[in-house]
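Asker: First the structure, then my questions, so here it is.
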Amino acid sequence: VQLQASGGGLVQAGGSLRLSCAASGRTFSNSGMGWFRQAPGKERDFVASISRYGGTTNYADSVKGRFTIPRDNAKNTVYLQMNSLKPEDTAVYFCAAASSRSCSTYGCDGLRDYDYWGQGTLVTVSS
């Protein structure tokens, strides 16, 4: 699976942005998908995950109620809809795919759970 993330940019605090992650390959619909982010000088952190059919989603506490992670298996794409953005959301955002049965069924929040990674897209939120 190859992943291509896009949609990052500069936005004011309180604004919204939607990231996209397009996947190539026939295993997308069998994969659990996730978004992670990495701020300058910090570790890469979990943001959100979704099971292969979209029935189960998980969110980091810091983004609950503000971010959602829908997916469209017909388009081989997973999204990250980000609303009410804050300056602390500034980071490079990465999408990832997990092929294990547990991750595809329930979603996963660990870096090591994911087998494939996109290149990252920068989100900057100004105050």
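Simple scheme: letters A, B, ... for chains in structure tokens order, numbers from 1 for residues in each chain, numbers from 1 for ligands in the order shown.
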Residues at most 6 Å from stretch 11-25 of chain A, counting only C-alpha atoms, excluding those fewer than 6 positions away in the same chain, as an mmCIF file with N, CA and C atoms, in the first residue's frame?
Answerer:
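Produced file around.cif, reproduced below:
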```cif
data_model
loop_
_atom_site.group_PDB
_atom_site.id
_atom_site.type_symbol
_atom_site.label_atom_id
_atom_site.label_comp_id
_atom_site.auth_asym_id
_atom_site.auth_seq_id
_atom_site.Cartn_x
_atom_site.Cartn_y
_atom_site.Cartn_z
ATOM 1 N N VAL A 1 0.845 -1.194 0.000
ATOM 2 C CA VAL A 1 0.000 0.000 0.000
ATOM 3 C C VAL A 1 0.885 1.250 0.000
ATOM 4 N N GLN A 2 0.619 2.133 -0.918
ATOM 5 C CA GLN A 2 1.301 3.431 -0.937
ATOM 6 C C GLN A 2 0.294 4.501 -0.556
ATOM 7 N N LEU A 3 0.722 5.428 0.296
ATOM 8 C CA LEU A 3 -0.169 6.448 0.824
ATOM 9 C C LEU A 3 0.331 7.834 0.450
ATOM 10 N N GLN A 4 -0.605 8.685 0.051
ATOM 11 C CA GLN A 4 -0.277 10.047 -0.327
ATOM 12 C C GLN A 4 -1.190 10.996 0.430
ATOM 13 N N ALA A 5 -0.604 11.727 1.383
ATOM 14 C CA ALA A 5 -1.378 12.679 2.176
ATOM 15 C C ALA A 5 -1.343 14.054 1.536
ATOM 16 N N ASN A 76 -10.685 4.681 -2.101
ATOM 17 C CA ASN A 76 -9.398 4.360 -1.469
ATOM 18 C C ASN A 76 -8.817 5.557 -0.725
ATOM 19 N N THR A 77 -9.672 6.253 -0.003
ATOM 20 C CA THR A 77 -9.237 7.484 0.651
ATOM 21 C C THR A 77 -9.767 7.556 2.081
ATOM 22 N N VAL A 78 -8.901 8.013 2.961
ATOM 23 C CA VAL A 78 -9.302 8.327 4.327
ATOM 24 C C VAL A 78 -9.057 9.808 4.555
ATOM 25 N N TYR A 79 -9.899 10.416 5.341
ATOM 26 C CA TYR A 79 -9.824 11.858 5.569
ATOM 27 C C TYR A 79 -9.599 12.152 7.050
ATOM 28 N N LEU A 80 -9.165 13.345 7.315
ATOM 29 C CA LEU A 80 -9.152 13.855 8.680
ATOM 30 C C LEU A 80 -9.785 15.242 8.625
ATOM 31 N N GLN A 81 -11.009 15.331 9.097
ATOM 32 C CA GLN A 81 -11.710 16.608 9.157
ATOM 33 C C GLN A 81 -11.375 17.273 10.485
ATOM 34 N N MET A 82 -10.775 18.424 10.403
ATOM 35 C CA MET A 82 -10.310 19.124 11.601
ATOM 36 C C MET A 82 -11.062 20.437 11.748
ATOM 37 N N ASN A 83 -11.798 20.576 12.824
ATOM 38 C CA ASN A 83 -12.562 21.786 13.113
ATOM 39 C C ASN A 83 -12.059 22.426 14.401
ATOM 40 N N SER A 84 -12.412 23.676 14.591
ATOM 41 C CA SER A 84 -12.017 24.411 15.799
ATOM 42 C C SER A 84 -10.519 24.256 16.067
ATOM 43 N N LEU A 85 -9.740 24.490 15.062
ATOM 44 C CA LEU A 85 -8.299 24.283 15.177
ATOM 45 C C LEU A 85 -7.658 25.244 16.165
ATOM 46 N N LYS A 86 -6.634 24.734 16.826
ATOM 47 C CA LYS A 86 -5.901 25.504 17.828
ATOM 48 C C LYS A 86 -4.424 25.578 17.409
ATOM 49 N N VAL A 125 -1.383 26.327 12.369
ATOM 50 C CA VAL A 125 -2.524 27.075 12.884
ATOM 51 C C VAL A 125 -1.996 28.327 13.568
ATOM 52 N N SER A 126 -2.388 29.463 13.038
ATOM 53 C CA SER A 126 -1.928 30.736 13.586
ATOM 54 C C SER A 126 -2.913 31.246 14.629
ATOM 55 N N SER A 127 -2.374 31.941 15.612
ATOM 56 C CA SER A 127 -3.230 32.466 16.706
ATOM 57 C C SER A 127 -3.747 33.853 16.380
#
```
Asker: For the interface of stretch 5-41 of chain A with stretch 93-114 of chain A (cut-off 6 Å, counting only C-alpha atoms), please tabulate each contacting residue of stretch 5-41 of chain A alongside its nearest pair of atoms and their separation in Å to one decimal, rows sorted by chain and increasing number, as CSV.
Answerer:
```
residue,atom,partner,partner_atom,distance
A:Ser31,CA,A:Ser104,CA,4.9
A:Gly32,CA,A:Ser104,CA,3.8
A:Met33,CA,A:Ala97,CA,4.6
A:Gly34,CA,A:Ala96,CA,5.2
A:Trp35,CA,A:Cys95,CA,4.5
A:Phe36,CA,A:Phe94,CA,5.1
A:Arg37,CA,A:Tyr93,CA,4.3
```
Asker: Could you please determine the separation between atom CA of A:Ser51 and atom CA of A:Thr124 in Å, to one decimal place?
Answerer: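 One can read the atom CA of A:Ser51 to atom CA of A:Thr124 distance as 27.6 Å.
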Asker: Which of chain A counts as helix (DSSP H, G or I) under DSSP, as a list in words please?
Answerer: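 Assigned to helix (DSSP H, G or I), within chain A: Phe28, Ser29, Asn30, Asn73, Ala74, Lys75, Pro87, Glu88, Asp89, Arg101, Ser102, Cys103, Ser104, Thr105, Tyr106, Leu111, Arg112 and Asp113 of chain A.
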Asker: Keeping C-alpha atoms, export the residues of the selection given above as an mmCIF file, in the first residue's frame.
Answerer:
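again14.cif, written as the output of this step:
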```cif
data_model
loop_
_atom_site.group_PDB
_atom_site.id
_atom_site.type_symbol
_atom_site.label_atom_id
_atom_site.label_comp_id
_atom_site.auth_asym_id
_atom_site.auth_seq_id
_atom_site.Cartn_x
_atom_site.Cartn_y
_atom_site.Cartn_z
ATOM 1 C CA PHE A 28 -7.043 -0.499 1.425
ATOM 2 C CA SER A 29 -10.528 -1.715 2.274
ATOM 3 C CA ASN A 30 -9.014 -4.437 4.471
ATOM 4 C CA ASN A 73 -13.382 2.687 0.437
ATOM 5 C CA ALA A 74 -14.720 3.216 -3.075
ATOM 6 C CA LYS A 75 -12.185 6.022 -3.480
ATOM 7 C CA PRO A 87 -2.270 26.656 17.559
ATOM 8 C CA GLU A 88 -1.252 23.488 19.409
ATOM 9 C CA ASP A 89 -2.589 21.439 16.490
ATOM 10 C CA ARG A 101 -6.786 -8.310 11.824
ATOM 11 C CA SER A 102 -7.192 -6.526 15.146
ATOM 12 C CA CYS A 103 -6.335 -3.125 13.697
ATOM 13 C CA SER A 104 -8.534 -3.570 10.681
ATOM 14 C CA THR A 105 -11.423 -4.595 12.936
ATOM 15 C CA TYR A 106 -11.028 -2.123 15.791
ATOM 16 C CA LEU A 111 2.965 3.643 15.995
ATOM 17 C CA ARG A 112 4.186 0.067 15.735
ATOM 18 C CA ASP A 113 0.746 -1.184 14.762
#
```
Asker: I need the residue nearest A:Arg66 from this list: A:Ala48, A:Gly8, A:Tyr53, A:Ala39. Use only C-alpha atoms for the distance.
Answerer: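 Of A:Ala48, A:Gly8, A:Tyr53, A:Ala39, the one nearest A:Arg66 is A:Ala48, counting only C-alpha atoms.
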